[in-house]
Amino acid sequence: MDKLAVLITTPPYSNLTVTAIDYIEAALRLNVNIVGVFFYQDGALHANSNIHIASDEYQAVAKLTQLHQEFGLALHLCITAAEKRGIACDALSEGSAININPIFTVSGLGELVSLTTNSTRLVQF
Amino acid sequence: MTTNLLAIINSSAPYNRNLGKESLDVALIFASFEQGVSLFFQGDGVYQLIDQQNPQKISAKDYLKTFSAFEFYDIEDIYICQESLTVRNLSESFHIDNVQVLPPETFAKHLAMHQQILRF
Amino acid sequence: MAITLIFNKQEIATDKQGYLLDHLQWSEALAEVMATNDKFTLSDEHWEVINFVRTFYLTYNTSPAIRALTKAMKSEFGEEKASSRYLYRLFPDGPAKQATKYAGLPKPARCI
Amino acid sequence: MSILHLIRSSAFHRSDFEQCLSIAQSNDTIIFCDDGCYNLSHPLTTNLLAQENKLTIKVLQDHAQARAIIAPQTIEGITMEDLVSLTFTHDKVITWQ
């Protein structure tokens, strides 16, 4: 059985991210088993609930929310990459309001290791 | 030839962006989870290996020093693209030992031995 | 929010969990104060690990993950002390977290 | 053993495509997507097409059309579904970005 893991390293306002999400949607249409999507580097910015993109531009997070709800697509966030970019996830982020989008699972790079070992293909965007 | 799970291609010079450090973090975590990882240096990535650098002059964290700890992480398969050194007029003086300089064909053969490949 | 520790009439800046912000301000006496604040007692065995982790950091610019720590300790202290069981007995909250703290080093990245 | 290479940047700007070519093997497939589509008119591609070799080049059709690029007849335009299928007919993927 084909199992796909996806790594996203580009921010929500980049057209490179549109490609990644189009690819994920195409895989879901083809009934590919996606074991999870891991957000690293600037990809972590997707989890920032304070990011607002003009309504006539591509809404990466709205799309991810839809895929998460409709297909149970697992969205894993590298917490170290996120904190570096002002995304606060829990009480440890004292002094800053929690601003993580709850569709993301707070993870570490260890999750990337398990997605890699549990998939037959790892595709980086 | 190695049977490591993951190959990481390092293609960025060390300081402008944080890619080299973020790549190193991925390598160390795979190794800590006892998943074999091999490192490939190509293009400007070879600048991560050259000797006598002084990152403190530009207030950059010297993550290159961590390369010397690879033995404790069982990271042993480190390959450098010979052609990338040649076009940059670099000699084979690296700040770590036990690296293999390979011509592109052999570099490619080693790369193909891995199940998954990331590039930073 | 940083917390300020007063030591020898000097202000020592730490992060919210008490890790030093500047590892060069570290001294053994300061480590004892940090441990006392945490109600933690440092034995010779703790000191062996703390000093080892600090030397590792100064040499390699990173705090070792547990597996690398045990492997590196093996050549210096032998098989018996180079086990994660031994290290967790000494530092129940995790050797990577606790030993680096009293060694004055930055808090290890949460994902590592 | 075959590798699927995703080329996402223009070789007029960066050396990713050139680095890819230095390691690509004859049964690999190269996909131009994103700004990688601009490589359709790069000399590296023209030279490659002139050679007798089995290296296959394809382009994401929508990505090329978005950029007013018309792929030569010899290069197949593909959809995103095709790209997903190619992911699994090759042994692994390298992203050059």
# chains A, B, ... in the order shown; residues from 1 in each chain; ligands from 1
call {"tool": "interface_residues", "arguments": {"of": "chain A", "to": "chain B", "cutoff": "12 Å", "atoms": "only C-alpha atoms", "output": "mmCIF file with N, CA, C and O atoms, in the first residue's frame"}}
result
data_model
loop_
_atom_site.group_PDB
_atom_site.id
_atom_site.type_symbol
_atom_site.label_atom_id
_atom_site.label_comp_id
_atom_site.auth_asym_id
_atom_site.auth_seq_id
_atom_site.Cartn_x
_atom_site.Cartn_y
_atom_site.Cartn_z
ATOM 1 N N LEU A 4 2.009 8.133 1.827
ATOM 2 C CA LEU A 4 2.670 9.381 1.494
ATOM 3 C C LEU A 4 2.837 10.263 2.733
ATOM 4 O O LEU A 4 1.911 10.414 3.527
ATOM 5 N N ALA A 5 4.034 10.825 2.887
ATOM 6 C CA ALA A 5 4.251 11.872 3.897
ATOM 7 C C ALA A 5 4.692 13.125 3.146
ATOM 8 O O ALA A 5 5.416 13.038 2.156
ATOM 9 N N VAL A 6 4.203 14.281 3.604
ATOM 10 C CA VAL A 6 4.526 15.536 2.924
ATOM 11 C C VAL A 6 5.183 16.492 3.912
ATOM 12 O O VAL A 6 4.745 16.609 5.066
ATOM 13 N N LEU A 7 6.239 17.146 3.464
ATOM 14 C CA LEU A 7 6.922 18.156 4.271
ATOM 15 C C LEU A 7 6.706 19.506 3.606
ATOM 16 O O LEU A 7 7.005 19.670 2.414
ATOM 17 N N ILE A 8 6.174 20.467 4.353
ATOM 18 C CA ILE A 8 5.959 21.806 3.796
ATOM 19 C C ILE A 8 6.881 22.797 4.498
ATOM 20 O O ILE A 8 6.865 22.911 5.731
ATOM 21 N N THR A 9 7.686 23.507 3.720
ATOM 22 C CA THR A 9 8.668 24.438 4.301
ATOM 23 C C THR A 9 8.422 25.883 3.858
ATOM 24 O O THR A 9 9.188 26.773 4.210
ATOM 25 N N TYR A 40 7.581 22.637 8.643
ATOM 26 C CA TYR A 40 8.917 22.962 9.155
ATOM 27 C C TYR A 40 9.360 24.272 8.512
ATOM 28 O O TYR A 40 8.786 24.719 7.506
ATOM 29 N N GLN A 41 10.402 24.868 9.066
ATOM 30 C CA GLN A 41 10.926 26.143 8.560
ATOM 31 C C GLN A 41 9.765 27.143 8.421
ATOM 32 O O GLN A 41 8.917 27.228 9.291
ATOM 33 N N ASP A 42 9.698 27.905 7.311
ATOM 34 C CA ASP A 42 8.627 28.900 7.177
ATOM 35 C C ASP A 42 7.247 28.263 7.016
ATOM 36 O O ASP A 42 6.222 28.950 7.113
ATOM 37 N N CYS A 78 6.193 21.709 13.692
ATOM 38 C CA CYS A 78 7.453 21.704 14.446
ATOM 39 C C CYS A 78 7.420 22.880 15.417
ATOM 40 O O CYS A 78 7.449 24.035 15.011
ATOM 41 N N THR A 80 9.565 24.031 17.556
ATOM 42 C CA THR A 80 10.746 24.907 17.612
ATOM 43 C C THR A 80 10.714 25.929 16.478
ATOM 44 O O THR A 80 10.976 27.115 16.676
ATOM 45 N N ALA A 81 10.359 25.463 15.278
ATOM 46 C CA ALA A 81 10.232 26.369 14.136
ATOM 47 C C ALA A 81 9.115 27.376 14.393
ATOM 48 O O ALA A 81 9.210 28.551 14.023
ATOM 49 N N LYS A 84 10.038 30.143 17.082
ATOM 50 C CA LYS A 84 10.974 31.081 16.452
ATOM 51 C C LYS A 84 10.230 32.131 15.627
ATOM 52 O O LYS A 84 10.745 33.193 15.341
ATOM 53 N N GLY A 108 7.277 17.679 17.345
ATOM 54 C CA GLY A 108 8.679 18.026 17.198
ATOM 55 C C GLY A 108 9.214 17.305 15.979
ATOM 56 O O GLY A 108 8.475 16.572 15.304
ATOM 57 N N LEU A 109 10.512 17.487 15.737
ATOM 58 C CA LEU A 109 11.110 16.802 14.589
ATOM 59 C C LEU A 109 10.996 15.285 14.708
ATOM 60 O O LEU A 109 11.049 14.580 13.703
ATOM 61 N N GLY A 110 10.826 14.799 15.937
ATOM 62 C CA GLY A 110 10.642 13.361 16.123
ATOM 63 C C GLY A 110 9.454 12.841 15.317
ATOM 64 O O GLY A 110 9.453 11.716 14.826
ATOM 65 N N GLU A 111 8.439 13.703 15.157
ATOM 66 C CA GLU A 111 7.269 13.321 14.361
ATOM 67 C C GLU A 111 7.647 13.166 12.889
ATOM 68 O O GLU A 111 7.121 12.290 12.189
ATOM 69 N N LEU A 112 8.580 14.008 12.417
ATOM 70 C CA LEU A 112 9.051 13.862 11.031
ATOM 71 C C LEU A 112 9.755 12.512 10.858
ATOM 72 O O LEU A 112 9.628 11.863 9.814
ATOM 73 N N VAL A 113 10.473 12.085 11.890
ATOM 74 C CA VAL A 113 11.129 10.773 11.830
ATOM 75 C C VAL A 113 10.066 9.686 11.683
ATOM 76 O O VAL A 113 10.179 8.812 10.818
ATOM 77 N N SER A 114 8.988 9.769 12.486
ATOM 78 C CA SER A 114 8.007 8.681 12.396
ATOM 79 C C SER A 114 7.211 8.758 11.092
ATOM 80 O O SER A 114 6.889 7.714 10.516
ATOM 81 N N LEU A 115 6.920 9.971 10.597
ATOM 82 C CA LEU A 115 6.247 10.060 9.290
ATOM 83 C C LEU A 115 7.133 9.461 8.191
ATOM 84 O O LEU A 115 6.645 8.792 7.278
ATOM 85 N N THR A 116 8.422 9.701 8.298
ATOM 86 C CA THR A 116 9.355 9.179 7.282
ATOM 87 C C THR A 116 9.419 7.655 7.328
ATOM 88 O O THR A 116 9.401 6.989 6.291
ATOM 89 N N THR A 117 9.482 7.103 8.543
ATOM 90 C CA THR A 117 9.574 5.646 8.629
ATOM 91 C C THR A 117 8.244 4.970 8.299
ATOM 92 O O THR A 117 8.227 3.831 7.852
ATOM 93 N N ASN A 118 7.128 5.703 8.505
ATOM 94 C CA ASN A 118 5.812 5.101 8.249
ATOM 95 C C ASN A 118 5.283 5.335 6.839
ATOM 96 O O ASN A 118 4.147 4.978 6.545
ATOM 97 N N SER A 119 6.066 5.980 5.986
ATOM 98 C CA SER A 119 5.576 6.248 4.631
ATOM 99 C C SER A 119 6.464 5.547 3.612
ATOM 100 O O SER A 119 7.610 5.200 3.905
ATOM 101 N N THR A 120 5.915 5.350 2.413
ATOM 102 C CA THR A 120 6.751 4.796 1.348
ATOM 103 C C THR A 120 7.334 5.909 0.489
ATOM 104 O O THR A 120 8.293 5.693 -0.245
ATOM 105 N N ARG A 121 6.750 7.111 0.544
ATOM 106 C CA ARG A 121 7.306 8.261 -0.174
ATOM 107 C C ARG A 121 7.213 9.497 0.712
ATOM 108 O O ARG A 121 6.157 9.755 1.304
ATOM 109 N N LEU A 122 8.310 10.235 0.741
ATOM 110 C CA LEU A 122 8.340 11.517 1.455
ATOM 111 C C LEU A 122 8.561 12.586 0.398
ATOM 112 O O LEU A 122 9.537 12.528 -0.344
ATOM 113 N N VAL A 123 7.627 13.533 0.297
ATOM 114 C CA VAL A 123 7.764 14.587 -0.707
ATOM 115 C C VAL A 123 7.875 15.933 -0.005
ATOM 116 O O VAL A 123 7.043 16.290 0.833
ATOM 117 N N GLN A 124 8.931 16.650 -0.349
ATOM 118 C CA GLN A 124 9.233 17.937 0.288
ATOM 119 C C GLN A 124 8.766 19.081 -0.614
ATOM 120 O O GLN A 124 9.020 19.067 -1.815
ATOM 121 N N PHE A 125 8.087 20.037 -0.024
ATOM 122 C CA PHE A 125 7.713 21.245 -0.773
ATOM 123 C C PHE A 125 8.250 22.477 -0.079
ATOM 124 O O PHE A 125 8.395 22.491 1.133
#
call {"tool": "interface_residues", "arguments": {"of": "chain B", "to": "chain D", "cutoff": "12 Å", "atoms": "only C-alpha atoms", "output": "short mmCIF file (atom, residue, chain, number, x, y, z; two decimals) with N, CA, C and O atoms, in the first residue's frame"}}
result
data_model
loop_
_atom_site.label_atom_id
_atom_site.label_comp_id
_atom_site.auth_asym_id
_atom_site.auth_seq_id
_atom_site.Cartn_x
_atom_site.Cartn_y
_atom_site.Cartn_z
N LEU B 5 18.29 4.97 6.03
CA LEU B 5 16.94 5.36 5.63
C LEU B 5 16.94 6.67 4.85
O LEU B 5 16.37 6.79 3.77
N LEU B 6 17.59 7.69 5.42
CA LEU B 6 17.44 9.04 4.89
C LEU B 6 18.76 9.61 4.38
O LEU B 6 19.80 9.45 5.01
N ALA B 7 18.68 10.27 3.24
CA ALA B 7 19.81 11.07 2.74
C ALA B 7 19.39 12.53 2.83
O ALA B 7 18.26 12.88 2.48
N ILE B 8 20.29 13.38 3.30
CA ILE B 8 20.03 14.81 3.31
C ILE B 8 21.06 15.48 2.40
O ILE B 8 22.26 15.30 2.60
N ILE B 9 20.57 16.20 1.41
CA ILE B 9 21.48 16.96 0.54
C ILE B 9 21.57 18.39 1.09
O ILE B 9 20.54 19.06 1.24
N ASN B 10 22.75 18.80 1.41
CA ASN B 10 22.97 20.17 1.86
C ASN B 10 23.49 20.99 0.69
O ASN B 10 24.56 20.70 0.16
N SER B 11 22.72 22.00 0.29
CA SER B 11 23.10 22.74 -0.91
C SER B 11 23.26 24.24 -0.65
O SER B 11 23.47 25.00 -1.58
N SER B 12 23.16 24.64 0.63
CA SER B 12 23.23 26.07 0.94
C SER B 12 24.50 26.42 1.69
O SER B 12 24.95 25.65 2.55
N PHE B 40 24.94 14.57 2.36
CA PHE B 40 25.54 14.86 1.05
C PHE B 40 25.72 16.37 0.93
O PHE B 40 24.79 17.13 1.21
N PHE B 41 26.90 16.79 0.52
CA PHE B 41 27.17 18.22 0.36
C PHE B 41 27.43 18.51 -1.11
O PHE B 41 28.31 17.91 -1.72
N GLN B 42 26.63 19.41 -1.65
CA GLN B 42 26.69 19.70 -3.07
C GLN B 42 26.48 21.19 -3.28
O GLN B 42 25.87 21.87 -2.43
N GLY B 43 26.95 21.73 -4.39
CA GLY B 43 26.77 23.15 -4.66
C GLY B 43 27.39 23.99 -3.55
O GLY B 43 28.43 23.63 -2.99
N ASP B 44 26.72 25.09 -3.20
CA ASP B 44 27.24 25.94 -2.13
C ASP B 44 27.26 25.24 -0.77
O ASP B 44 27.88 25.74 0.18
N GLY B 45 26.60 24.10 -0.67
CA GLY B 45 26.64 23.34 0.58
C GLY B 45 28.05 22.96 0.99
O GLY B 45 28.33 22.79 2.18
N CYS B 81 30.52 16.43 -3.04
CA CYS B 81 30.60 16.41 -4.50
C CYS B 81 31.90 17.09 -4.95
O CYS B 81 32.13 18.27 -4.70
N GLN B 82 32.72 16.29 -5.62
CA GLN B 82 34.03 16.76 -6.05
C GLN B 82 33.93 17.93 -7.03
O GLN B 82 34.65 18.91 -6.94
N GLU B 83 32.95 17.80 -7.94
CA GLU B 83 32.77 18.82 -8.95
C GLU B 83 32.44 20.18 -8.32
O GLU B 83 32.92 21.23 -8.75
N SER B 84 31.62 20.15 -7.25
CA SER B 84 31.25 21.39 -6.57
C SER B 84 32.49 22.06 -5.95
O SER B 84 32.58 23.28 -5.90
N LEU B 102 33.54 12.57 -3.69
CA LEU B 102 33.16 11.65 -4.76
C LEU B 102 32.87 12.39 -6.07
O LEU B 102 32.26 13.47 -6.06
N PRO B 103 33.24 11.81 -7.18
CA PRO B 103 32.83 12.36 -8.48
C PRO B 103 31.30 12.22 -8.62
O PRO B 103 30.72 11.34 -7.98
N PRO B 104 30.66 13.07 -9.45
CA PRO B 104 29.20 13.09 -9.53
C PRO B 104 28.54 11.72 -9.70
O PRO B 104 27.53 11.43 -9.06
N GLU B 105 29.13 10.84 -10.53
CA GLU B 105 28.47 9.54 -10.79
C GLU B 105 28.40 8.72 -9.50
O GLU B 105 27.37 8.12 -9.19
N THR B 106 29.50 8.68 -8.74
CA THR B 106 29.53 7.90 -7.51
C THR B 106 28.65 8.56 -6.44
O THR B 106 27.95 7.89 -5.67
N PHE B 107 28.72 9.88 -6.40
CA PHE B 107 27.87 10.67 -5.50
C PHE B 107 26.40 10.29 -5.73
O PHE B 107 25.65 9.99 -4.81
N ALA B 108 26.01 10.25 -7.02
CA ALA B 108 24.63 9.90 -7.39
C ALA B 108 24.30 8.47 -6.98
O ALA B 108 23.21 8.18 -6.50
N LYS B 109 25.26 7.55 -7.15
CA LYS B 109 25.02 6.13 -6.80
C LYS B 109 24.76 5.98 -5.32
O LYS B 109 23.86 5.26 -4.90
N HIS B 110 25.57 6.67 -4.51
CA HIS B 110 25.38 6.59 -3.06
C HIS B 110 24.01 7.18 -2.67
O HIS B 110 23.31 6.64 -1.83
N LEU B 111 23.68 8.28 -3.30
CA LEU B 111 22.40 8.94 -3.00
C LEU B 111 21.23 7.99 -3.28
O LEU B 111 20.29 7.89 -2.48
N ALA B 112 21.31 7.29 -4.38
CA ALA B 112 20.22 6.42 -4.81
C ALA B 112 20.02 5.23 -3.87
O ALA B 112 18.98 4.56 -3.92
N MET B 113 20.98 4.97 -2.98
CA MET B 113 20.86 3.85 -2.04
C MET B 113 19.88 4.13 -0.89
O MET B 113 19.58 3.24 -0.11
N HIS B 114 19.44 5.37 -0.76
CA HIS B 114 18.60 5.73 0.38
C HIS B 114 17.11 5.65 0.03
O HIS B 114 16.73 5.80 -1.12
N GLN B 115 16.29 5.41 1.06
CA GLN B 115 14.85 5.28 0.79
C GLN B 115 14.17 6.62 0.57
O GLN B 115 13.27 6.74 -0.24
N GLN B 116 14.58 7.62 1.34
CA GLN B 116 13.95 8.94 1.24
C GLN B 116 15.06 9.99 1.19
O GLN B 116 16.13 9.79 1.75
N ILE B 117 14.75 11.11 0.53
CA ILE B 117 15.78 12.15 0.35
C ILE B 117 15.18 13.53 0.65
O ILE B 117 14.12 13.88 0.14
N LEU B 118 15.87 14.29 1.47
CA LEU B 118 15.48 15.68 1.72
C LEU B 118 16.64 16.58 1.25
O LEU B 118 17.78 16.15 1.20
N ARG B 119 16.30 17.81 0.92
CA ARG B 119 17.34 18.73 0.46
C ARG B 119 17.11 20.09 1.10
O ARG B 119 15.99 20.59 1.11
N PHE B 120 18.17 20.65 1.65
CA PHE B 120 18.06 21.96 2.30
C PHE B 120 19.10 22.92 1.75
O PHE B 120 20.16 22.49 1.34
#
call {"tool": "closest_residue", "arguments": {"among": "B:Asn16, B:Gln53, B:Ser59, B:Ser68", "to": "chain C", "atoms": "only C-alpha atoms"}}
result
B:Ser68
call {"tool": "closest_atom_pairs", "arguments": {"of": "chain D", "to": "chain A", "cutoff": "12 Å", "atoms": "only C-alpha atoms", "output": "CSV"}}
result
residue,atom,partner,partner_atom,distance
D:Ile3,CA,A:Arg121,CA,11.2
D:Leu4,CA,A:Val123,CA,10.1
D:His5,CA,A:Val123,CA,10.4
D:Leu6,CA,A:Phe125,CA,9.2
D:Ile7,CA,A:Phe125,CA,10.7
D:Arg8,CA,A:Leu16,CA,8.4
D:Ser9,CA,A:Leu16,CA,10.2
D:Cys33,CA,A:Thr19,CA,8.5
D:Asp34,CA,A:Leu16,CA,6.8
D:Asp35,CA,A:Leu16,CA,9.1
D:Gly36,CA,A:Leu16,CA,11.1
D:Leu60,CA,A:Thr19,CA,10.2
D:Asp62,CA,A:Thr19,CA,10.5
D:His63,CA,A:Thr19,CA,9.1
D:Ala66,CA,A:Asn15,CA,11.7
D:Thr79,CA,A:Ala26,CA,9.2
D:Met80,CA,A:Tyr23,CA,6.0
D:Glu81,CA,A:Ala26,CA,5.3
D:Asp82,CA,A:Ala26,CA,8.9
D:Leu83,CA,A:Tyr23,CA,7.8
D:Val84,CA,A:Ala27,CA,5.9
D:Ser85,CA,A:Ala27,CA,8.4
D:Leu86,CA,A:Arg121,CA,11.1
D:Thr87,CA,A:Arg121,CA,7.4
D:Phe88,CA,A:Asp2,CA,7.3
D:Thr89,CA,A:Asp2,CA,10.4
D:His90,CA,A:Arg121,CA,9.5
D:Asp91,CA,A:Arg121,CA,7.9
D:Lys92,CA,A:Arg121,CA,6.3
D:Val93,CA,A:Val123,CA,6.2
D:Ile94,CA,A:Val123,CA,7.5
D:Thr95,CA,A:Gln124,CA,6.0
D:Trp96,CA,A:Phe125,CA,9.1
D:Gln97,CA,A:Phe125,CA,8.0
call {"tool": "closest_atom_pairs", "arguments": {"of": "chain C", "to": "chain B", "cutoff": "7 Å", "atoms": "only C-alpha atoms", "output": "JSON lines"}}
result
{"residue": "C:Tyr60", "atom": "CA", "partner": "B:Thr66", "partner_atom": "CA", "distance": 4.5}
{"residue": "C:Asn61", "atom": "CA", "partner": "B:Thr66", "partner_atom": "CA", "distance": 5.9}
{"residue": "C:Thr62", "atom": "CA", "partner": "B:Thr66", "partner_atom": "CA", "distance": 6.4}
{"residue": "C:Ala65", "atom": "CA", "partner": "B:Ser32", "partner_atom": "CA", "distance": 6.8}
{"residue": "C:Arg67", "atom": "CA", "partner": "B:Ser32", "partner_atom": "CA", "distance": 6.1}
{"residue": "C:Ala68", "atom": "CA", "partner": "B:Phe72", "partner_atom": "CA", "distance": 4.8}
{"residue": "C:Lys71", "atom": "CA", "partner": "B:Phe72", "partner_atom": "CA", "distance": 5.7}
{"residue": "C:Ala72", "atom": "CA", "partner": "B:Phe72", "partner_atom": "CA", "distance": 5.9}
{"residue": "C:Ile112", "atom": "CA", "partner": "B:Ile29", "partner_atom": "CA", "distance": 6.6}
call {"tool": "atom_distance", "arguments": {"atom1": "CA of Leu42 in chain C", "atom2": "CA of Lys74 in chain C"}}
result
21.4 Å
call {"tool": "select_by_dssp", "arguments": {"residues": "chain B", "states": "helix (DSSP H, G or I)", "output": "JSON, numbers by chain"}}
result
{"B": [19, 20, 21, 22, 23, 24, 25, 26, 27, 28, 29, 30, 31, 32, 43, 44, 45, 46, 47, 48, 55, 56, 57, 58, 63, 64, 65, 66, 67, 68, 69, 70, 71, 72, 73, 82, 83, 84, 85, 86, 87, 104, 105, 106, 107, 108, 109, 110, 111, 112]}
call {"tool": "select_by_dssp", "arguments": {"residues": "chain B", "states": "strand (DSSP E)", "output": "ChimeraX atom specification"}}
result
/B:6-10,37-41,78-81,100-102,116-119
call {"tool": "residues_around", "arguments": {"residues": "Phe40 in chain C", "least_positions_apart": "5", "cutoff": "12 Å", "atoms": "only C-alpha atoms", "output": "PyMOL selection string"}}
result
chain C and resi 31-35+46+90-93+98-99+101-102
call {"tool": "atom_distance", "arguments": {"atom1": "CA of Leu75 in chain A", "atom2": "CA of Ser49 in chain A"}}
result
14.5 Å
call {"tool": "atom_distance", "arguments": {"atom1": "CA of Gly18 in chain C", "atom2": "CA of Leu58 in chain C"}}
result
20.0 Å
call {"tool": "residues_around", "arguments": {"residues": "Thr56 in chain D", "least_positions_apart": "2", "cutoff": "10 Å", "atoms": "only C-alpha atoms", "output": "PyMOL selection string"}}
result
chain D and resi 4+26-31+48-49+53-54+58+74-76
call {"tool": "write_last_selection", "arguments": {"atoms": "N, CA, C and O atoms", "output": "tab-separated table (two decimals), in the first residue's frame"}}
result
chain	number	residue	atom	x	y	z
D	4	LEU	N	12.40	10.68	-9.07
D	4	LEU	CA	11.60	11.75	-9.64
D	4	LEU	C	12.16	13.07	-9.10
D	4	LEU	O	12.25	13.27	-7.89
D	26	SER	N	19.90	7.92	-16.12
D	26	SER	CA	19.15	7.86	-17.37
D	26	SER	C	17.67	7.47	-17.21
D	26	SER	O	16.84	7.88	-18.00
D	27	ASN	N	17.33	6.70	-16.18
D	27	ASN	CA	15.91	6.33	-16.07
D	27	ASN	C	15.13	7.22	-15.09
D	27	ASN	O	14.01	6.91	-14.72
D	28	ASP	N	15.73	8.32	-14.70
D	28	ASP	CA	15.04	9.28	-13.83
D	28	ASP	C	14.07	10.14	-14.66
D	28	ASP	O	14.18	10.20	-15.88
D	29	THR	N	13.15	10.80	-13.95
D	29	THR	CA	12.26	11.75	-14.62
D	29	THR	C	12.40	13.12	-13.97
D	29	THR	O	12.47	13.22	-12.74
D	30	ILE	N	12.44	14.14	-14.82
D	30	ILE	CA	12.53	15.51	-14.34
D	30	ILE	C	11.19	16.19	-14.57
D	30	ILE	O	10.63	16.12	-15.67
D	31	ILE	N	10.68	16.83	-13.51
D	31	ILE	CA	9.42	17.57	-13.63
D	31	ILE	C	9.71	19.05	-13.42
D	31	ILE	O	10.27	19.45	-12.39
D	48	LEU	N	20.04	19.19	-23.31
D	48	LEU	CA	19.60	17.88	-22.86
D	48	LEU	C	18.73	17.20	-23.93
D	48	LEU	O	18.87	16.02	-24.22
D	49	LEU	N	17.85	18.01	-24.53
D	49	LEU	CA	16.96	17.46	-25.56
D	49	LEU	C	17.72	17.06	-26.81
D	49	LEU	O	17.31	16.15	-27.52
D	53	ASN	N	19.59	10.61	-24.86
D	53	ASN	CA	19.58	9.94	-23.55
D	53	ASN	C	18.15	9.75	-23.07
D	53	ASN	O	17.21	10.36	-23.56
D	54	LYS	N	18.02	8.86	-22.14
D	54	LYS	CA	16.68	8.42	-21.77
D	54	LYS	C	16.02	9.28	-20.70
D	54	LYS	O	14.90	9.03	-20.29
D	58	LYS	N	9.18	16.30	-18.06
D	58	LYS	CA	7.76	16.64	-18.18
D	58	LYS	C	7.55	17.98	-17.49
D	58	LYS	O	8.39	18.42	-16.70
D	74	THR	N	8.11	17.95	-27.70
D	74	THR	CA	8.83	16.80	-27.15
D	74	THR	C	8.68	16.66	-25.64
D	74	THR	O	9.08	15.65	-25.07
D	75	ILE	N	8.12	17.68	-25.01
D	75	ILE	CA	7.99	17.62	-23.56
D	75	ILE	C	6.52	17.51	-23.17
D	75	ILE	O	5.71	18.36	-23.55
D	76	GLU	N	6.20	16.45	-22.46
D	76	GLU	CA	4.81	16.19	-22.12
D	76	GLU	C	4.32	17.12	-21.00
D	76	GLU	O	4.99	17.31	-19.99
call {"tool": "closest_residue", "arguments": {"among": "B:Val101, B:Ile80, B:Leu85, B:Ile96", "to": "Leu39 in chain B", "atoms": "only C-alpha atoms"}}
result
B:Ile80
